[in-house]
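Next up, start_15.cif (mmCIF, C-alpha atoms):
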```
data_structure
#
loop_
_atom_site.label_atom_id
_atom_site.label_comp_id
_atom_site.auth_asym_id
_atom_site.auth_seq_id
_atom_site.Cartn_x
_atom_site.Cartn_y
_atom_site.Cartn_z
CA MET P 1 101.72 59.93 58.36
CA SER P 2 100.29 63.30 59.33
CA HIS P 3 97.47 63.16 61.87
CA GLN P 4 96.78 66.87 61.92
CA HIS P 5 93.22 68.05 61.58
CA PRO P 6 91.52 71.39 61.05
CA HIS P 7 90.73 73.39 64.16
CA PRO P 8 87.59 72.18 65.97
CA THR P 9 84.47 73.53 64.37
CA ALA P 10 80.93 74.29 65.40
CA THR P 11 78.43 71.44 65.37
CA PRO P 12 77.31 70.30 61.91
CA GLY P 13 73.63 70.62 62.76
CA GLY P 14 71.44 73.37 61.43
CA PRO P 15 69.27 75.73 63.43
CA ARG P 16 66.50 74.10 65.38
CA PRO P 17 63.04 74.34 63.84
CA ALA P 18 60.59 76.81 65.36
CA SER P 19 59.02 73.83 67.14
CA GLY P 20 62.17 73.47 69.23
CA ARG P 21 62.70 69.92 68.01
CA VAL P 22 66.00 68.68 66.59
CA PRO P 23 66.68 69.08 62.86
CA LEU P 24 65.14 66.48 60.57
CA SER P 25 66.92 65.10 57.51
CA VAL P 26 66.36 62.42 54.85
CA LEU P 27 68.23 59.38 53.56
CA ASP P 28 67.05 58.57 50.03
CA LEU P 29 67.75 55.22 48.37
CA ALA P 30 65.95 56.14 45.12
CA ILE P 31 63.61 53.17 45.55
CA VAL P 32 62.72 51.36 42.33
CA PRO P 33 59.14 50.02 42.55
CA GLU P 34 57.75 47.12 40.57
CA GLY P 35 56.85 48.30 37.08
CA ALA P 36 59.31 51.22 37.05
CA THR P 37 62.92 51.67 35.97
CA GLY P 38 66.07 52.91 37.65
CA GLN P 39 65.98 55.98 35.44
CA ASP P 40 62.51 56.76 36.75
CA ALA P 41 63.77 56.39 40.30
CA VAL P 42 66.69 58.77 39.81
CA ARG P 43 64.46 61.43 38.27
CA ARG P 44 61.98 61.05 41.12
CA ALA P 45 64.80 61.38 43.67
CA VAL P 46 65.80 64.74 42.24
CA GLY P 47 62.18 65.90 42.23
CA LEU P 48 61.73 64.76 45.81
CA ALA P 49 64.79 66.74 46.87
CA ARG P 50 63.12 69.92 45.64
CA ASP P 51 60.17 69.10 47.90
CA LEU P 52 62.46 68.43 50.86
CA ASP P 53 64.25 71.74 50.29
CA ARG P 54 60.94 73.59 50.35
CA LEU P 55 59.58 71.65 53.33
CA GLY P 56 62.47 72.54 55.63
CA TYR P 57 64.47 69.30 55.90
CA HIS P 58 68.06 70.00 56.90
CA ARG P 59 69.93 67.63 54.59
CA VAL P 60 69.36 64.83 52.09
CA TRP P 61 71.86 62.00 51.76
CA TYR P 62 72.13 59.31 49.09
CA ALA P 63 73.11 55.72 49.74
CA GLU P 64 75.52 53.61 47.70
CA HIS P 65 74.02 50.31 46.55
CA HIS P 66 75.14 48.33 43.53
CA LEU P 67 73.32 45.65 41.53
CA SER P 68 70.14 45.81 43.62
CA PRO P 69 66.98 45.77 41.48
CA GLY P 70 65.04 47.80 44.06
CA VAL P 71 67.57 50.57 44.74
CA GLY P 72 68.54 53.23 42.20
CA SER P 73 71.03 55.15 44.36
CA ALA P 74 74.38 53.80 43.16
CA SER P 75 76.38 57.01 42.79
CA PRO P 76 75.93 59.35 45.76
CA ALA P 77 78.28 62.01 44.39
CA VAL P 78 76.42 62.30 41.10
CA LEU P 79 73.02 62.50 42.79
CA ALA P 80 74.30 65.00 45.35
CA ALA P 81 75.73 67.23 42.63
CA ALA P 82 72.52 67.10 40.58
CA VAL P 83 70.39 67.93 43.61
CA ALA P 84 72.66 70.72 44.85
CA ALA P 85 72.33 72.41 41.46
CA ARG P 86 68.53 72.21 41.59
CA THR P 87 67.87 73.27 45.18
CA GLU P 88 68.48 76.42 47.18
CA ARG P 89 69.17 75.58 50.81
CA ILE P 90 69.20 71.90 51.74
CA ARG P 91 72.54 70.20 52.42
CA VAL P 92 73.43 67.26 50.16
CA GLY P 93 75.69 64.30 50.75
CA SER P 94 76.37 60.59 50.95
CA GLY P 95 75.03 58.08 53.40
CA ALA P 96 77.48 56.57 52.72
CA VAL P 97 80.27 56.19 50.18
CA LEU P 98 81.58 52.67 50.81
CA LEU P 99 85.34 52.47 51.10
CA SER P 100 85.39 48.92 49.78
CA THR P 101 84.39 50.21 46.35
CA THR P 102 85.67 53.81 46.34
CA SER P 103 89.00 55.03 47.64
CA PRO P 104 88.89 57.79 50.27
CA LEU P 105 90.87 60.06 47.94
CA VAL P 106 88.41 59.69 45.08
CA ALA P 107 85.44 60.23 47.40
CA ALA P 108 87.03 63.35 48.89
CA GLU P 109 87.81 64.73 45.45
CA GLN P 110 84.28 64.08 44.20
CA PHE P 111 82.65 65.84 47.13
CA GLY P 112 85.33 68.55 47.22
CA THR P 113 84.37 69.36 43.64
CA ILE P 114 80.70 69.62 44.61
CA ALA P 115 81.58 71.78 47.62
CA ALA P 116 83.56 74.18 45.43
CA LEU P 117 80.33 74.93 43.58
CA HIS P 118 78.01 74.72 46.60
CA PRO P 119 80.10 75.70 49.64
CA GLY P 120 78.60 75.08 53.05
CA ARG P 121 76.02 72.61 51.73
CA VAL P 122 77.93 69.35 51.32
CA ASP P 123 78.42 66.29 53.54
CA LEU P 124 80.86 63.47 52.83
CA GLY P 125 79.63 60.40 54.68
CA LEU P 126 81.98 57.41 54.67
CA GLY P 127 81.33 53.84 55.72
CA ARG P 128 82.99 50.48 55.74
CA ALA P 129 81.23 47.74 53.80
CA PHE P 130 80.77 44.21 55.06
CA THR P 131 83.32 41.72 53.76
CA PRO P 132 82.34 38.08 54.09
CA PRO P 133 84.76 35.88 56.03
CA PRO P 134 86.49 32.93 54.39
CA GLY P 135 84.01 30.13 53.81
CA GLU P 136 83.83 27.04 55.94
CA LYS P 137 85.96 24.14 54.76
CA GLY P 138 83.96 21.13 53.73
CA ALA P 139 80.46 20.96 52.36
CA GLY P 140 79.12 19.55 55.58
CA ALA P 141 80.66 22.11 57.92
CA PRO P 142 78.17 23.39 60.49
CA ARG P 143 76.85 26.91 60.15
CA ARG P 144 77.62 29.40 62.89
CA ALA P 145 74.34 31.22 63.24
CA ARG P 146 73.98 34.12 65.63
CA PRO P 147 70.95 33.41 67.84
CA ALA P 148 68.39 36.12 68.29
CA THR P 149 68.60 37.94 71.62
CA GLY P 150 65.63 39.10 73.61
CA PRO P 151 64.02 42.52 73.01
CA ARG P 152 63.99 45.30 75.57
CA VAL P 153 62.50 48.73 76.12
CA VAL P 154 64.82 51.62 77.00
CA ASP P 155 63.25 54.94 77.98
CA GLY P 156 60.18 54.00 75.96
CA LEU P 157 62.17 52.93 72.88
CA TYR P 158 61.62 49.41 71.60
CA VAL P 159 65.01 47.77 71.02
CA PRO P 160 64.59 44.41 69.27
CA GLY P 161 66.85 41.44 69.60
CA ALA P 162 69.43 40.92 66.90
CA PRO P 163 68.10 38.75 64.08
CA PRO P 164 69.54 35.28 63.62
CA ALA P 165 72.36 35.64 61.15
CA ASP P 166 74.77 33.24 59.51
CA VAL P 167 77.82 35.05 58.15
CA ASN P 168 78.84 31.87 56.35
CA ASP P 169 75.53 31.42 54.55
CA SER P 170 76.65 30.22 51.13
CA VAL P 171 74.04 32.09 49.11
CA LEU P 172 74.69 35.41 50.86
CA ARG P 173 78.45 34.98 50.76
CA GLU P 174 78.57 34.10 47.07
CA ARG P 175 76.29 36.99 46.20
CA ILE P 176 78.58 39.46 47.95
CA LEU P 177 81.70 38.03 46.36
CA ALA P 178 80.11 38.00 42.89
CA GLN P 179 79.02 41.60 43.27
CA LYS P 180 82.54 42.61 44.31
CA ARG P 181 83.90 41.03 41.15
CA ILE P 182 81.40 42.80 38.90
CA VAL P 183 81.76 46.15 40.67
CA GLY P 184 85.52 45.80 40.43
CA ALA P 185 85.97 46.27 44.16
CA SER P 186 89.50 44.94 44.21
CA ARG P 187 91.14 47.52 46.49
CA THR P 188 92.33 46.44 49.90
CA PRO P 189 91.33 49.19 52.33
CA ALA P 190 93.74 50.44 54.94
CA SER P 191 92.56 50.71 58.52
CA PHE P 192 89.45 52.85 58.79
CA ARG P 193 91.30 55.40 60.94
CA ASP P 194 94.09 55.72 58.36
CA GLU P 195 91.57 56.26 55.57
CA LEU P 196 89.75 58.98 57.49
CA GLU P 197 93.04 60.66 58.45
CA LEU P 198 94.07 60.68 54.81
CA VAL P 199 90.94 62.65 53.95
CA LEU P 200 91.39 65.05 56.87
CA GLY P 201 95.09 65.49 56.15
CA LEU P 202 94.49 66.26 52.47
CA ARG P 203 91.86 68.82 53.39
CA ALA P 204 94.22 70.44 55.91
CA GLY P 205 97.06 70.41 53.38
CA THR P 206 99.28 68.45 55.81
CA TYR P 207 99.10 64.87 54.54
CA ARG P 208 102.30 62.82 54.34
CA ASP P 209 102.55 59.09 53.79
CA GLU P 210 104.59 56.70 55.90
CA ARG P 211 107.74 57.61 53.95
CA GLY P 212 107.27 61.29 54.63
CA THR P 213 106.19 62.17 51.08
CA SER P 214 103.66 64.98 50.98
CA TYR P 215 100.63 65.00 48.69
CA VAL P 216 98.24 67.71 47.57
CA SER P 217 94.74 67.29 46.12
CA PRO P 218 93.44 70.67 44.89
CA PRO P 219 89.72 69.74 45.06
CA VAL P 220 90.14 68.49 48.63
CA GLU P 221 92.48 71.05 50.20
CA GLY P 222 90.33 73.57 52.07
CA ALA P 223 87.12 71.90 50.85
CA ASP P 224 83.99 73.22 52.54
CA TRP P 225 82.30 69.94 53.37
CA ASP P 226 81.60 68.12 56.63
CA LEU P 227 83.08 64.64 57.04
CA TRP P 228 80.78 62.03 58.63
CA VAL P 229 81.11 58.42 59.73
CA LEU P 230 78.19 55.98 59.41
CA ALA P 231 78.04 53.04 61.78
CA SER P 232 75.72 50.09 62.44
CA SER P 233 77.51 48.64 65.47
CA ALA P 234 79.67 49.57 68.45
CA GLY P 235 82.80 48.48 66.60
CA GLU P 236 85.60 50.21 64.74
CA SER P 237 83.57 52.83 62.89
CA ALA P 238 81.90 54.26 66.00
CA ARG P 239 85.13 54.16 68.00
CA VAL P 240 87.28 55.84 65.35
CA ALA P 241 84.66 58.52 64.72
CA GLY P 242 84.83 59.36 68.41
CA GLU P 243 88.61 59.31 68.59
CA LEU P 244 88.89 61.74 65.67
CA GLY P 245 86.12 64.00 66.95
CA LEU P 246 83.94 63.45 63.89
CA PRO P 247 80.12 63.45 63.76
CA LEU P 248 78.41 60.06 63.69
CA ALA P 249 75.31 58.72 61.97
CA ALA P 250 73.97 55.62 63.76
CA ASN P 251 71.81 53.32 61.66
CA TYR P 252 68.68 52.44 63.66
CA HIS P 253 66.93 51.75 60.37
CA VAL P 254 69.48 49.02 59.49
CA ALA P 255 70.54 47.57 62.84
CA PRO P 256 68.05 48.70 65.50
CA SER P 257 69.30 46.15 68.03
CA ALA P 258 72.75 47.79 68.11
CA THR P 259 71.97 51.51 67.92
CA LEU P 260 72.15 52.36 71.62
CA ASP P 261 75.46 50.51 71.92
CA THR P 262 76.76 52.26 68.81
CA VAL P 263 76.00 55.70 70.20
CA ALA P 264 77.43 54.80 73.61
CA ALA P 265 80.69 53.53 72.09
CA TYR P 266 81.05 56.73 70.06
CA ARG P 267 80.44 58.99 73.03
CA GLU P 268 82.82 57.01 75.22
CA ALA P 269 85.60 57.24 72.61
CA PHE P 270 85.00 60.89 71.75
CA ARG P 271 87.89 63.32 71.96
CA PRO P 272 87.80 66.91 70.65
CA GLY P 273 89.08 66.89 67.10
CA VAL P 274 87.17 68.10 64.09
CA LEU P 275 84.33 68.86 66.54
CA ASP P 276 84.54 70.13 70.09
CA GLU P 277 81.64 67.95 71.22
CA PRO P 278 79.96 64.75 70.01
CA TYR P 279 77.25 65.08 67.38
CA VAL P 280 74.93 62.16 66.68
CA VAL P 281 72.40 61.63 63.93
CA VAL P 282 70.12 58.59 64.27
CA SER P 283 68.28 57.15 61.29
CA ALA P 284 64.81 55.59 61.21
CA ASP P 285 62.49 53.93 58.72
CA VAL P 286 59.34 56.04 58.65
CA LEU P 287 56.02 55.95 56.81
CA VAL P 288 53.36 58.60 57.42
CA ALA P 289 49.85 58.73 55.99
CA ASP P 290 46.72 60.69 56.78
CA THR P 291 45.37 57.84 58.90
CA VAL P 292 46.91 54.95 60.79
CA GLU P 293 44.91 52.51 58.70
CA ARG P 294 46.22 53.92 55.42
CA ALA P 295 49.81 53.91 56.72
CA ARG P 296 49.49 50.26 57.73
CA GLU P 297 48.13 49.37 54.31
CA LEU P 298 51.06 51.08 52.56
CA ALA P 299 53.52 49.38 54.90
CA THR P 300 52.61 45.78 54.04
CA PRO P 301 55.28 45.18 51.32
CA PHE P 302 58.14 46.19 53.62
CA ALA P 303 58.70 42.71 55.06
CA ASP P 304 59.16 41.20 51.59
CA TRP P 305 61.61 43.95 50.67
CA VAL P 306 63.72 43.48 53.81
CA LEU P 307 63.62 39.71 53.35
CA SER P 308 65.04 40.09 49.85
CA ILE P 309 67.90 42.20 51.19
CA ARG P 310 68.81 39.75 53.92
CA SER P 311 68.30 36.44 52.20
CA GLY P 312 67.78 36.83 48.46
CA ALA P 313 70.44 35.93 45.93
CA ASP P 314 69.78 39.16 44.00
CA GLY P 315 69.60 41.73 46.79
CA ALA P 316 66.78 44.22 47.24
CA ILE P 317 63.87 43.40 44.96
CA ALA P 318 61.87 46.05 43.13
CA TYR P 319 59.54 47.41 45.81
CA PRO P 320 56.24 45.47 45.75
CA ALA P 321 52.80 47.01 45.58
CA PRO P 322 50.55 46.94 48.66
CA GLY P 323 48.26 43.93 48.73
CA THR P 324 50.71 41.60 47.00
CA SER P 325 52.55 40.31 50.08
CA PRO P 326 51.53 37.37 52.26
CA ALA P 327 50.05 38.09 55.66
CA TRP P 328 52.55 38.11 58.51
CA GLU P 329 51.00 35.10 60.21
CA ASP P 330 51.23 33.09 56.96
CA ARG P 331 55.01 33.50 56.70
CA PRO P 332 57.36 30.73 57.85
CA GLU P 333 58.76 31.31 61.30
CA ALA P 334 62.32 31.58 59.92
CA GLU P 335 61.28 34.43 57.62
CA ARG P 336 59.60 36.30 60.42
CA ALA P 337 62.64 35.95 62.65
CA LEU P 338 64.93 37.29 59.92
CA VAL P 339 63.02 40.53 59.36
CA ALA P 340 61.11 41.16 62.60
CA ASP P 341 63.66 43.61 64.01
CA ARG P 342 63.22 45.98 61.07
CA VAL P 343 59.48 45.50 60.67
CA ASP P 344 58.87 46.08 64.38
CA THR P 345 60.99 49.24 64.54
CA ARG P 346 59.63 50.86 61.41
CA ILE P 347 57.70 53.93 62.52
CA VAL P 348 54.33 53.74 60.77
CA GLY P 349 51.19 55.75 61.41
CA ASP P 350 49.44 59.07 61.19
CA PRO P 351 51.48 62.24 61.78
CA GLU P 352 50.82 62.45 65.50
CA THR P 353 51.83 58.82 66.07
CA VAL P 354 55.01 59.12 64.03
CA VAL P 355 56.11 62.39 65.63
CA ARG P 356 55.54 60.92 69.07
CA ARG P 357 57.62 57.84 68.31
CA LEU P 358 60.39 59.89 66.71
CA GLU P 359 60.55 61.98 69.86
CA THR P 360 61.02 58.77 71.83
CA LEU P 361 63.85 57.70 69.51
CA ARG P 362 65.51 61.07 69.95
CA ARG P 363 65.16 60.98 73.71
CA ALA P 364 66.40 57.41 74.16
CA THR P 365 69.44 57.87 71.92
CA GLY P 366 70.24 61.48 72.80
CA ALA P 367 70.27 62.23 69.07
CA ASP P 368 71.15 65.75 67.96
CA GLU P 369 69.34 65.17 64.66
CA LEU P 370 67.13 62.52 63.08
CA LEU P 371 67.50 61.08 59.59
CA VAL P 372 64.40 59.45 58.13
CA THR P 373 64.09 57.13 55.17
CA THR P 374 60.85 56.08 53.51
CA ALA P 375 60.13 53.22 51.12
CA THR P 376 56.84 53.01 49.22
CA HIS P 377 55.67 51.55 45.94
CA ASP P 378 54.04 54.78 44.79
CA ALA P 379 56.34 57.80 44.80
CA ASP P 380 53.40 60.07 45.59
CA ASP P 381 52.86 58.20 48.85
CA ALA P 382 56.47 58.87 49.84
CA ARG P 383 56.16 62.54 48.97
CA ARG P 384 52.97 62.76 51.01
CA SER P 385 54.71 61.04 53.91
CA PHE P 386 57.55 63.56 53.93
CA ALA P 387 55.12 66.47 53.63
CA LEU P 388 52.95 65.30 56.53
CA LEU P 389 55.96 64.68 58.73
CA ALA P 390 57.45 68.09 57.98
CA GLU P 391 54.16 69.83 58.70
CA HIS P 392 53.88 68.24 62.13
CA TRP P 393 57.57 68.13 63.08
CA PHE P 394 58.51 71.69 62.22
CA ALA P 395 55.36 73.32 63.56
CA GLY P 396 54.17 73.09 67.14
CA ALA P 397 56.58 72.78 70.02
CA PRO P 398 56.49 69.63 72.16
CA ALA P 399 54.94 70.09 75.55
CA VAL P 400 57.42 71.10 78.23
CA GLY P 401 58.38 68.10 80.34
CA ASP P 402 56.53 65.72 78.03
CA THR P 403 57.83 62.21 78.65
CA THR P 404 55.08 60.34 76.90
CA THR P 405 56.17 56.85 76.01
CA ALA P 406 56.07 56.81 72.25
CA THR P 407 56.66 53.11 71.88
CA PRO P 408 54.91 50.51 74.02
CA ALA P 409 56.74 47.68 75.73
CA VAL P 410 55.81 45.33 72.91
CA ALA P 411 56.78 45.85 69.33
CA PRO P 412 54.23 48.25 67.80
CA ALA P 413 54.11 46.39 64.52
CA LEU P 414 53.46 42.94 65.90
CA ALA P 415 49.71 42.97 65.43
CA THR P 416 49.09 46.13 63.48
CA THR P 417 51.50 47.01 60.67
CA ARG P 418 52.75 43.73 59.29
#
```

Translate the structure of the given file into structure tokens.
Amino acid sequence: MSHQHPHPTATPGGPRPASGRVPLSVLDLAIVPEGATGQDAVRRAVGLARDLDRLGYHRVWYAEHHLSPGVGSASPAVLAAAVAARTERIRVGSGAVLLSTTSPLVAAEQFGTIAALHPGRVDLGLGRAFTPPPGEKGAGAPRRARPATGPRVVDGLYVPGAPPADVNDSVLRERILAQKRIVGASRTPASFRDELELVLGLRAGTYRDERGTSYVSPPVEGADWDLWVLASSAGESARVAGELGLPLAANYHVAPSATLDTVAAYREAFRPGVLDEPYVVVSADVLVADTVERARELATPFADWVLSIRSGADGAIAYPAPGTSPAWEDRPEAERALVADRVDTRIVGDPETVVRRLETLRRATGADELLVTTATHDADDARRSFALLAEHWFAGAPAVGDTTTATPAVAPALATTR
């Protein structure tokens, strides 16, 4: 199999804003709120992208989620193509195409087609999806839960303990397996490295399989897109991204307990390949409002939404309205433990507070770029959040030598944003 890659390229980041801060980008899930439809969510996502283009965000990526009532982003390539055609400057892409449901060839051809029409504006982000292990034998077999580990503070960044998790939970496991059957995810992926090298080889026009047979994909060969790897742990994805010299997106918004280890594993494994030097994007859940009090009010449904993702039989629920969720202290302890890592690391507040905490995230992780995602019930609140953040991130340089701790040594949400 050919392992040849294009010559090393410049970093995939855009020019720094006038403020001197790193570029800021957006991950959009096309949230479906209670009382709305998936069609509404898709239309709003395209409208939001026009705002992001005007506001100065560097790129907008679309996630791949199937059969989740609260998430309308199921086809990243289609959304990226629609948005590219309706915007002028912003890069578009996937965060990420999941290789358990889409072959690397098909993903590369989809995004190669978009790049042919919008060269220099397309990102192909690939990720491995979780596959549940074989179930325990016997109805009474003990569960192997992962105990929560203690939180820590690193260079001002709050790093929570990992939530207790049971990979053999019968409800979660059956939900994933049922979804795979309905989605038709029957392919057996090759190793992640082999799948990435297939994409790179097809783009370079050098791909041969293990028998020496060469293959050509016209939409992929010479395609003007950037290939990205998304990772939520220090495992195979981060390591392979480093070994191939690819840029990495580390998911602080999904697995905040593992982000520093993910970035470290990538940097340790990095060898010049597609890039000469490592390039890291770090994601974060963000919600900005005009006042801290208003931001906290809008943030209250988030715990219910995360709980549905991690424990519900149907996946992400339609996003609830503020004021409809139980108070944090009224929740069972098991519920709080399951979602506390994400609730406590969500960056909620007025613009000054959020910018300060994002600067801490950037400093602690060494991120070259930040990727923010925002979930609200009212789409206008999300649009306002992105507008306020852009106004304060892109204008006004940070003070020279400023090492203000953006996140206190206790989780900021513990008593204020839940």

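Shortest atom-to-atom contact with Val199 in chain P among P:Pro23, P:Gly212, P:Gly127, P:Pro104: P:Pro104, counting all atoms listed in the file.
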
TODO: With a distance cut-off of 9 Å and all atoms listed in the file, select the neighbouring residues of Asn251 in chain P, excluding the residue or stretch itself and same-chain residues fewer than 3 positions from it, and output the selection as a ChimeraX atom specification.
DONE: /P:230-233,254-256,258-259,262,281-284

Open item on the list: As an exercise, work out the distance from CA of Val286 in chain P to CA of Gly323 in chain P in Å and give it to one decimal place.
Closed with: 19.2 Å

Open item on the list: Applying the PyMOL selection byres ((chain P and resi 122) around 6) to the file I just gave you, which residues come out? Please list them as a VMD selection string.
Closed with: chain P and resid 91 to 93 115 121 123 225

Output file for the residues above (C-alpha atoms, as a PDB file, in the coordinates of the input):
```pdb
ATOM      1  CA  ARG P  91      72.540  70.200  52.420  1.00  0.00           C
ATOM      2  CA  VAL P  92      73.430  67.260  50.160  1.00  0.00           C
ATOM      3  CA  GLY P  93      75.690  64.300  50.750  1.00  0.00           C
ATOM      4  CA  ALA P 115      81.580  71.780  47.620  1.00  0.00           C
ATOM      5  CA  ARG P 121      76.020  72.610  51.730  1.00  0.00           C
ATOM      6  CA  ASP P 123      78.420  66.290  53.540  1.00  0.00           C
ATOM      7  CA  TRP P 225      82.300  69.940  53.370  1.00  0.00           C
TER       8      TRP P 225
END
```

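Each of P:Asp304, P:Asp330, P:Glu34, P:Asp290 was checked against Leu388 in chain P using all atoms listed in the file; the smallest atom-to-atom distance is that of P:Asp290.
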
Open item on the list: Can you measure CA of Gly201 in chain P to CA of Ser75 in chain P for me? One decimal in Å is fine.
Closed with: 24.5 Å

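Interatomic distance, CA of Ser257 in chain P against CA of Pro272 in chain P: 27.9 Å.
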
Contact table range 299-382 of chain P vs range 24-33 of chain P, cut-off 10 Å, shortest pair per residue, all atoms listed in the file, as a Markdown table:
```
| residue | atom | partner | partner_atom | distance |
| --- | --- | --- | --- | --- |
| P:Ala316 | CA | P:Val32 | CA | 9.6 |
| P:Ile317 | CA | P:Val32 | CA | 8.5 |
| P:Ala318 | CA | P:Pro33 | CA | 4.9 |
| P:Tyr319 | CA | P:Pro33 | CA | 4.2 |
| P:Pro320 | CA | P:Pro33 | CA | 6.3 |
| P:Ala321 | CA | P:Pro33 | CA | 7.6 |
| P:Asp368 | CA | P:Leu24 | CA | 9.6 |
| P:Glu369 | CA | P:Leu24 | CA | 6.0 |
| P:Leu370 | CA | P:Leu24 | CA | 5.1 |
| P:Leu371 | CA | P:Ser25 | CA | 4.6 |
| P:Val372 | CA | P:Val26 | CA | 4.8 |
| P:Thr373 | CA | P:Leu27 | CA | 5.0 |
| P:Thr374 | CA | P:Asp28 | CA | 7.5 |
| P:Ala375 | CA | P:Ile31 | CA | 6.6 |
| P:Thr376 | CA | P:Pro33 | CA | 7.7 |
| P:His377 | CA | P:Pro33 | CA | 5.1 |
| P:Asp378 | CA | P:Pro33 | CA | 7.3 |
| P:Ala379 | CA | P:Pro33 | CA | 8.6 |
```
